[in-house]
Amino acid sequence: MVTTPNTAHGSTEATIAEAIEDALHGRMLLTHPFYVRWEQGALHPGELGEYSSQYRSFEAVLPVVLSAVVDCLRADGSTEVADMVQRNLDDELGHPEPHLAMFDRFAAAVSAPESVVDGGTIAGPAAAGLVATYLDLVEEGSVTALSAVAAYETQASAIAASKAEGLRRWYGIGDAGVAFWDVHATMDADHGDWAVDALAHLGADPRVVANAAKRAADAWWEFLDEREADAPVGAGSCAGI
């Protein structure tokens with residue numbers, strides 16, 4: 001993995017956060033029509049199950065991304081920053097339990113295909129593209145990988161809270177099925193802060209951060225575009241799953 005050069009030693013958390021905010025302009029995920037319909041209880045039967053089967057691809061690869069970044073940072077002697085990213089990885093792998101296990105309970109609760117509930121992954125073109133984008137950014141360096149992580153994590157807390165509320169209010173999903181989103185509604189606020197802090201500690205060039213964050217944000221938008229395009233036509237809105 002190539003490490004992005006430290007080209008902006010004066011970078012601060014504020015300038016990094018601003019670069020990410022600029023990259024996310026027009027790509028804030030809660031504004032996407034798919035999530036708007038989720039919030040409004042307007043998803044058609046089967047959409048949540050299909051969403052979970054596609055999203056699982058990202059959830060499965062996130063620990064791989066974080067682990068690769070940790071290894072690269074330690075190899076480069078950036079121990080303090082590696083420890084920041086390690087905290088995120090530790091959460092994914094076991095706090096309060098492996099997040100993929102919690103996600104699989106969500107998938108089961110929304111009637112995902114049995115192969116997904118049993119730990120398999122079904123990746124359509126957009127989900128495969130999302131995963132490929134993150135893996136490409138990992139190969140380009142720690143800064144680009146962390147920028148991609150930050151592009152999602154800085155908005156993930158609000159997204160997770162919205163999803164959890166909608167699942168309970170409109171779709172009748174109980175606590176066990178919503179736990180994945182409940183945990184991320186609080187935990188991802190820290191993860192977003194840690195990613196921004198790590199980039200500032202690396203002295204990341206805000207231009208590099210913004211470019212990588214935009215690539216990740218575009219991949220997420222395409223992922224939701226595919227979900228919206230695959231919505232049943234003429235089925236009518238339904239607050240069931």
# chains A, B, ... in the order shown; residues from 1 in each chain; ligands from 1
$ closest_atom_pairs --of "stretch 80-192 of chain A" --to "stretch 10-26 of chain A" --cutoff "10 Å" --atoms "only C-alpha atoms" --output "CSV"
residue,atom,partner,partner_atom,distance
A:Ser147,CA,A:Ile20,CA,7.7
A:Ala148,CA,A:Ile20,CA,9.3
A:Ala150,CA,A:Ile20,CA,7.5
A:Ala151,CA,A:Ile20,CA,6.4
A:Tyr152,CA,A:Leu24,CA,9.4
A:Thr154,CA,A:Ile20,CA,8.7
A:Gln155,CA,A:Leu24,CA,9.6
A:Gly192,CA,A:Ala17,CA,9.7
$ residues_around --residues "A:Ala216" --least-positions-apart "3" --cutoff "8 Å" --atoms "only C-alpha atoms" --output "list in words"
Leu130, Thr133, Tyr134, Ala148, Ala151, Tyr152, Ala212, Ala213, Ala219 and Trp220 of chain A
$ select_by_dssp --residues "stretch 9-236 of chain A" --states "helix (DSSP H, G or I)" --output "ChimeraX atom specification"
/A:13-23,29-31,33-40,47-75,79-94,99-109,114-117,125-140,142-171,175-201,206-229
$ closest_residue --among "A:Ala132, A:Ala231, A:Ala176, A:Leu29" --to "A:Ala107" --atoms "only C-alpha atoms"
A:Ala176
$ residues_around --residues "A:Ser67" --least-positions-apart "4" --cutoff "12 Å" --atoms "only C-alpha atoms" --output "VMD selection string"
chain A and resid 61 to 63 71 to 74 82 to 90 92 to 93 135 138 142 145 to 146
$ decode --residues "stretch 213-234 of chain A" --atoms "C-alpha atoms" --output "PDB file, in the first residue's frame"
ATOM      1  CA  ALA A 213     -13.964  11.843   0.330  1.00  0.00           C
ATOM      2  CA  LYS A 214     -15.821  12.864  -2.814  1.00  0.00           C
ATOM      3  CA  ARG A 215     -15.004   9.567  -4.510  1.00  0.00           C
ATOM      4  CA  ALA A 216     -16.382   7.702  -1.505  1.00  0.00           C
ATOM      5  CA  ALA A 217     -19.448   9.958  -1.308  1.00  0.00           C
ATOM      6  CA  ASP A 218     -20.172   9.438  -5.006  1.00  0.00           C
ATOM      7  CA  ALA A 219     -19.934   5.657  -4.554  1.00  0.00           C
ATOM      8  CA  TRP A 220     -22.394   5.803  -1.654  1.00  0.00           C
ATOM      9  CA  TRP A 221     -24.771   7.943  -3.702  1.00  0.00           C
ATOM     10  CA  GLU A 222     -24.623   5.454  -6.562  1.00  0.00           C
ATOM     11  CA  PHE A 223     -25.349   2.667  -4.084  1.00  0.00           C
ATOM     12  CA  LEU A 224     -28.546   4.429  -2.983  1.00  0.00           C
ATOM     13  CA  ASP A 225     -29.411   5.374  -6.562  1.00  0.00           C
ATOM     14  CA  GLU A 226     -29.423   1.670  -7.378  1.00  0.00           C
ATOM     15  CA  ARG A 227     -31.692   0.954  -4.424  1.00  0.00           C
ATOM     16  CA  GLU A 228     -34.070   3.663  -5.604  1.00  0.00           C
ATOM     17  CA  ALA A 229     -33.974   2.464  -9.202  1.00  0.00           C
ATOM     18  CA  ASP A 230     -34.787  -1.076  -8.073  1.00  0.00           C
ATOM     19  CA  ALA A 231     -37.835   0.008  -6.053  1.00  0.00           C
ATOM     20  CA  PRO A 232     -41.010  -1.794  -7.148  1.00  0.00           C
ATOM     21  CA  VAL A 233     -43.110   0.309  -9.502  1.00  0.00           C
ATOM     22  CA  GLY A 234     -46.774   0.732  -8.735  1.00  0.00           C
TER      23      GLY A 234
END
